[in-house]
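Student: Before anything else, here's the structure in question.
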Amino acid sequence: LYQDEIRPYGRILLKRIREECATRRFVKVRGSRSPPSGSAVPTESELNEVGMIDPKFLRRLCEGCSELQVEPTDGKEYSVTLVGQPGVFIDPCIATDPYPHRLWTEAAKYFEELKEEDGLFPGGRYACAQILKSRSLHFLKNRSLGEICHIVQLGISQKKLLGYSDGQLVPHGRSEECLKERAAEHQQPVVTASQQPEVLYASWEQVYEGLKALLESSTNPAPNMISLSNVKRLFRSHFNLVLSETVLGYPRVGDMLQDPRLSGLCRLEALSNGRSCLPARGLRGS
């Protein structure tokens with residue numbers, strides 16, 4: 001992990017130990033370090049062959065070793081470093097882009113031209129980066145795994161090279177976000193296979209009146225507050241209406257709720273339990 005420039009968080013240590021166990025198993029059973037899938041890294045099913053590791057046991061083991069320094073981080077997470085060796089680790093969540101324009105140009109071309117079967121990546125940033133590194137891509141030459149994790153994150157959050165579809169990372173053009181953006185441009189719903197063919201979509205007037213009623217009656221997560229993740233479900237259960245942000249011209253619910261037509265009614269705030277919809281400032285309950 002030091003060589004990969006990846007900070008050894010507990011969850012990453014668990015992954016790396018299982019990968020190493022799987023690799024050693026291949027050597028013992030098959031006489032090869034290559035997984036039977038042919039991938040350069042073990043697949044999830046191949047990792048399952050080595051079993052799970054108790055994360056609490058791993059942490060206690062690290063804390064009991066005098067050569068390791070365990071530091072708590074966010075929530076229940078922790079990191080483990082070698083005593084006297086601070087290391088250089090890449091933070092994949094930093095928004096700064098230190099990479100040359102040519103890298104992004106080549107990356108965009110690569111993802112656009114990927115065949116469908118080659119364009120399905122694990123949903124996790126670390127696992128996706130592992131696969132990209134194993135492909136020996138020219139634009140990632142001499143990049144550490146930590147840098148590639150950062151590149152993957154920027155490719156999702158800023159560059160629109162990657163997105164999610166059914167929990168997997170895919171080229172942005174095949175992602176759910178892109179599908180919603182296209183639907184929003186034409187103010188069309190995003191219809192899923194499980195969706196009923198005949199549904200009623202909320203108009204702006206119905207959105208306004210519905211949000212007003214929900215904010216007045218809501219007690220969860222607090223009085224006069226609605227969790228952003230619950231807004232669409234509440235519209236369906238209370239009013240038998242589908243709140244489709246794309247029908248109203250937006251790719252995301254949060255963006256729709258900040259439309260000027262709702263500015264006098266509600267506002268969004270980032271709270272400890274996620275973003276929530278609250279009454280606009282000056283209204284009763286705000």
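The chains in the structure tokens are called A, B, ... from first to last as shown; in each chain the residues are counted from 1, and the ligands are counted from 1 in the order shown.
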Considering only C-alpha atoms, return as a PyMOL selection string whatever protein or nucleic-acid residues lie within 7 Å of Pro251 in chain A, sequence-local ones (same chain, fewer than 6 positions apart) excluded.

Tutor: chain A and resi 180-181+184+245

Student: Could those residues be written to a file, using N, CA and C atoms, as a compact mmCIF listing (two decimals), in the first residue's frame?

Tutor:
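Final output, result_23.txt:
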```txt
# COMPACT_ATOMS: atom_id res chain seq x y z
N LYS A 180 -30.39 10.18 -17.47
CA LYS A 180 -31.26 11.17 -16.86
C LYS A 180 -31.03 12.55 -17.46
N GLU A 181 -29.77 12.86 -17.78
CA GLU A 181 -29.48 14.16 -18.39
C GLU A 181 -30.16 14.29 -19.75
N ALA A 184 -33.84 14.70 -19.21
CA ALA A 184 -34.16 16.04 -18.71
C ALA A 184 -34.15 17.07 -19.83
N GLU A 245 -37.91 14.23 -11.73
CA GLU A 245 -37.10 15.42 -11.94
C GLU A 245 -36.80 15.65 -13.41
```

Student: Within 10 Å of Val253 in chain A, counting only C-alpha atoms, which residues show up once you throw out same-chain ones fewer than 6 positions away? Write them as a PyMOL selection string, please.

Tutor: chain A and resi 228-229+231-232+243-246

Student: Taking the DSSP assignment computed from this structure's backbone, write out as a list in words all residues of range 46-197 of chain A that belong to strand (DSSP E).

Tutor: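 Put together, the selection reads Leu68, Gln69, Val70, Glu71, Pro72, Tyr78, Ser79, Val80, Thr81, Leu82, Leu162, Gly163, Tyr164, Ser165, Gln168, Leu169, Val170 and Pro171 of chain A.
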
Student: Would you mind listing what lies within 6 Å of Gln69 in chain A as a short mmCIF file (atom, residue, chain, number, x, y, z; two decimals) with all heavy atoms, in the first residue's frame, with only C-alpha atoms counted and same-chain residues fewer than 4 positions away left out?

Tutor:
```
data_model
loop_
_atom_site.label_atom_id
_atom_site.label_comp_id
_atom_site.auth_asym_id
_atom_site.auth_seq_id
_atom_site.Cartn_x
_atom_site.Cartn_y
_atom_site.Cartn_z
N VAL A 80 -3.63 2.53 9.41
CA VAL A 80 -2.49 1.84 10.00
C VAL A 80 -1.23 2.21 9.22
O VAL A 80 -1.20 2.04 7.99
CB VAL A 80 -2.67 0.31 9.98
CG1 VAL A 80 -1.49 -0.38 10.67
CG2 VAL A 80 -3.98 -0.09 10.64
N THR A 81 -0.24 2.73 9.89
CA THR A 81 1.03 3.04 9.23
C THR A 81 2.18 2.37 9.99
O THR A 81 2.02 1.96 11.14
CB THR A 81 1.27 4.57 9.19
OG1 THR A 81 1.11 5.11 10.51
CG2 THR A 81 0.29 5.24 8.25
N VAL A 83 5.52 2.42 12.01
CA VAL A 83 6.15 3.36 12.93
C VAL A 83 7.45 3.89 12.32
O VAL A 83 8.28 3.13 11.83
CB VAL A 83 6.45 2.68 14.28
CG1 VAL A 83 7.26 3.60 15.18
CG2 VAL A 83 5.15 2.27 14.98
#
```

Student: Would you list the contacts of Gly274 in chain A as a list in words, taking every protein, DNA or RNA residue within 12 Å and counting only C-alpha atoms, but skipping same-chain residues closer than 4 positions in sequence?

Tutor: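 Once the adjacent positions are removed, what remains is Pro221, Met225, Ile226, Ser227, Leu228, Ser229, Asn230, Gly254, Leu268, Glu269 and Ala270 of chain A.
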
Student: Can you write out the residues you just picked, keeping N, CA, C and O atoms, as a tab-separated table (two decimals), in the first residue's frame?

Tutor:
```
chain	number	residue	atom	x	y	z
A	221	PRO	N	-36.87	13.54	9.26
A	221	PRO	CA	-36.05	13.25	10.45
A	221	PRO	C	-36.24	14.25	11.59
A	221	PRO	O	-35.69	14.08	12.66
A	225	MET	N	-39.31	18.88	8.16
A	225	MET	CA	-38.09	18.53	7.43
A	225	MET	C	-38.30	17.20	6.71
A	225	MET	O	-38.91	16.28	7.25
A	226	ILE	N	-37.78	17.11	5.45
A	226	ILE	CA	-37.88	15.88	4.67
A	226	ILE	C	-36.49	15.52	4.18
A	226	ILE	O	-35.80	16.36	3.58
A	227	SER	N	-36.08	14.29	4.39
A	227	SER	CA	-34.81	13.83	3.83
A	227	SER	C	-34.91	13.82	2.31
A	227	SER	O	-35.93	13.37	1.76
A	228	LEU	N	-33.90	14.32	1.65
A	228	LEU	CA	-33.92	14.39	0.19
A	228	LEU	C	-34.19	13.02	-0.43
A	228	LEU	O	-34.91	12.91	-1.43
A	229	SER	N	-33.63	11.98	0.17
A	229	SER	CA	-33.79	10.63	-0.37
A	229	SER	C	-35.22	10.11	-0.27
A	229	SER	O	-35.57	9.13	-0.92
A	230	ASN	N	-36.07	10.78	0.55
A	230	ASN	CA	-37.45	10.31	0.74
A	230	ASN	C	-38.48	11.11	-0.04
A	230	ASN	O	-39.67	10.73	-0.04
A	254	GLY	N	-32.18	17.09	-6.24
A	254	GLY	CA	-31.67	18.24	-5.50
A	254	GLY	C	-31.65	19.51	-6.35
A	254	GLY	O	-31.97	20.60	-5.86
A	268	LEU	N	-32.61	23.57	0.56
A	268	LEU	CA	-31.86	22.37	0.88
A	268	LEU	C	-30.74	22.70	1.84
A	268	LEU	O	-30.10	23.74	1.72
A	269	GLU	N	-30.52	21.80	2.79
A	269	GLU	CA	-29.40	21.95	3.72
A	269	GLU	C	-28.71	20.61	3.89
A	269	GLU	O	-29.37	19.56	3.92
A	270	ALA	N	-27.37	20.65	3.97
A	270	ALA	CA	-26.60	19.44	4.23
A	270	ALA	C	-26.50	19.24	5.73
A	270	ALA	O	-25.90	20.06	6.43
```

Student: Which residues, written as number ranges by chain, have at least one atom at most 12 Å from Tyr78 in chain A, with only C-alpha atoms counted and residues fewer than 2 positions away on the same chain left out?

Tutor: A: 7-14, 55-56, 58-60, 62-63, 69-76, 80-81

Student: Just give me the gap between CA of Leu169 in chain A and CA of Ala107 in chain A in Å, one decimal is fine.

Tutor: 14.7 Å

Student: Which polymer residues have any atom within 8 Å of an atom of His186 in chain A, counting only C-alpha atoms, with same-chain residues fewer than 4 positions away left out, as a VMD selection string?

Tutor: chain A and resid 182 247 249

Student: Looking at only C-alpha atoms, which of A:Gly119, A:Ser136, A:Arg143, A:Ala127 is the one that sits closest to Ser165 in chain A?

Tutor: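 Using only C-alpha atoms, Ser165 in chain A sits closest to A:Gly119.
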
Student: Identify, on the basis of only C-alpha atoms, every residue whose closest approach to Thr105 in chain A does not exceed 12 Å; exclude the query and any residue fewer than 4 positions from it along the same chain; express the result as a tab-separated table (two decimals) with N, CA and C atoms, in the first residue's frame.

Tutor:
```tsv
chain	number	residue	atom	x	y	z
A	99	TYR	N	-3.34	16.45	-13.12
A	99	TYR	CA	-2.95	15.61	-14.25
A	99	TYR	C	-2.99	16.38	-15.57
A	100	PRO	N	-2.13	16.03	-16.52
A	100	PRO	CA	-2.06	16.77	-17.78
A	100	PRO	C	-3.31	16.59	-18.64
A	101	HIS	N	-3.57	17.59	-19.48
A	101	HIS	CA	-4.74	17.56	-20.35
A	101	HIS	C	-4.72	16.33	-21.26
A	109	LYS	N	-11.16	9.14	-24.84
A	109	LYS	CA	-11.20	8.32	-26.06
A	109	LYS	C	-11.29	6.84	-25.70
A	110	TYR	N	-10.53	6.44	-24.70
A	110	TYR	CA	-10.51	5.03	-24.30
A	110	TYR	C	-11.90	4.58	-23.82
A	111	PHE	N	-12.50	5.34	-22.92
A	111	PHE	CA	-13.80	4.94	-22.37
A	111	PHE	C	-14.91	5.01	-23.42
A	112	GLU	N	-14.84	5.97	-24.31
A	112	GLU	CA	-15.86	6.08	-25.36
A	112	GLU	C	-15.84	4.89	-26.31
A	138	HIS	N	-1.76	3.16	-21.79
A	138	HIS	CA	-0.68	4.12	-22.04
A	138	HIS	C	-0.86	5.39	-21.22
A	139	PHE	N	-2.10	5.88	-21.12
A	139	PHE	CA	-2.30	7.15	-20.41
A	139	PHE	C	-2.16	7.01	-18.90
A	155	GLY	N	-12.77	11.30	-12.66
A	155	GLY	CA	-13.51	10.89	-13.86
A	155	GLY	C	-15.00	10.77	-13.60
A	159	LYS	N	-15.03	14.99	-14.60
A	159	LYS	CA	-14.75	14.86	-16.04
A	159	LYS	C	-15.86	14.16	-16.82
A	161	LEU	N	-16.38	11.00	-17.26
A	161	LEU	CA	-15.86	9.88	-18.05
A	161	LEU	C	-16.48	8.57	-17.59
```

Student: Please report, as a ChimeraX atom specification, each residue of range 94-182 of chain A to which DSSP assigns helix (DSSP H, G or I) when run on this structure's backbone.

Tutor: /A:101-113,116-119,125-134,138-140,145-157,172-174,176-182

Student: How would the residues just chosen look if you wrote them out with C-alpha atoms as a compact mmCIF listing (two decimals), in the first residue's frame?

Tutor:
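File produced: out.txt:
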```txt
# COMPACT_ATOMS: atom_id res chain seq x y z
CA HIS A 101 -4.74 17.56 -20.35
CA ARG A 102 -3.40 14.80 -22.60
CA LEU A 103 -4.20 12.16 -19.97
CA TRP A 104 -7.85 13.20 -19.90
CA THR A 105 -8.07 13.37 -23.69
CA GLU A 106 -6.71 9.83 -24.03
CA ALA A 107 -8.87 8.58 -21.17
CA ALA A 108 -12.01 10.03 -22.75
CA LYS A 109 -11.20 8.32 -26.06
CA TYR A 110 -10.51 5.03 -24.30
CA PHE A 111 -13.80 4.94 -22.37
CA GLU A 112 -15.86 6.08 -25.36
CA GLU A 113 -14.49 3.25 -27.52
CA GLU A 116 -19.79 -3.19 -23.62
CA GLU A 117 -18.27 -6.26 -21.95
CA ASP A 118 -14.99 -4.40 -21.28
CA GLY A 119 -16.78 -1.32 -19.96
CA ARG A 125 -13.11 3.19 -6.76
CA TYR A 126 -10.27 0.97 -5.51
CA ALA A 127 -11.42 -2.15 -7.42
CA CYS A 128 -12.04 -0.14 -10.60
CA ALA A 129 -8.55 1.37 -10.36
CA GLN A 130 -7.04 -2.10 -9.97
CA ILE A 131 -8.61 -3.28 -13.21
CA LEU A 132 -7.53 -0.18 -15.11
CA LYS A 133 -3.96 -0.56 -13.86
CA SER A 134 -3.93 -4.24 -14.87
CA HIS A 138 -0.68 4.12 -22.04
CA PHE A 139 -2.30 7.15 -20.41
CA LEU A 140 -1.86 5.54 -16.97
CA LEU A 145 -2.64 2.74 -7.89
CA GLY A 146 -3.32 5.65 -5.54
CA GLU A 147 -3.13 8.11 -8.43
CA ILE A 148 -5.42 5.93 -10.52
CA CYS A 149 -7.95 5.88 -7.66
CA HIS A 150 -7.84 9.69 -7.75
CA ILE A 151 -8.20 9.70 -11.53
CA VAL A 152 -11.24 7.40 -11.27
CA GLN A 153 -12.82 9.74 -8.70
CA LEU A 154 -12.20 12.81 -10.86
CA GLY A 155 -13.51 10.89 -13.86
CA ILE A 156 -16.78 10.37 -11.98
CA SER A 157 -17.18 13.70 -10.17
CA HIS A 172 -20.43 7.97 -18.69
CA GLY A 173 -22.39 7.66 -21.93
CA ARG A 174 -23.92 4.40 -20.64
CA GLU A 176 -27.81 6.31 -15.31
CA GLU A 177 -26.75 9.94 -14.86
CA CYS A 178 -26.27 10.40 -18.60
CA LEU A 179 -29.62 8.74 -19.27
CA LYS A 180 -31.26 11.17 -16.86
CA GLU A 181 -29.48 14.16 -18.39
CA ARG A 182 -30.76 13.23 -21.85
```

Student: Which is closest to Val88 in chain A among A:Arg16, A:Arg24, A:Thr43, A:Leu1, if we use only C-alpha atoms?

Tutor: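 Using only C-alpha atoms, Val88 in chain A sits closest to A:Leu1.
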
Student: Just how far from CA of Pro122 in chain A is CA of Arg252 in chain A, in Å to one decimal?

Tutor: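 If I compute the distance from CA of Arg252 in chain A to CA of Pro122 in chain A, I get 23.2 Å.
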
Student: Between A:Leu61, A:Leu214, A:Ile90, A:Ala22, which residue has the minimum interatomic distance to Ile6 in chain A, considering only C-alpha atoms?

Tutor: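 Of A:Leu61, A:Leu214, A:Ile90, A:Ala22, the one nearest Ile6 in chain A is A:Ile90, counting only C-alpha atoms.
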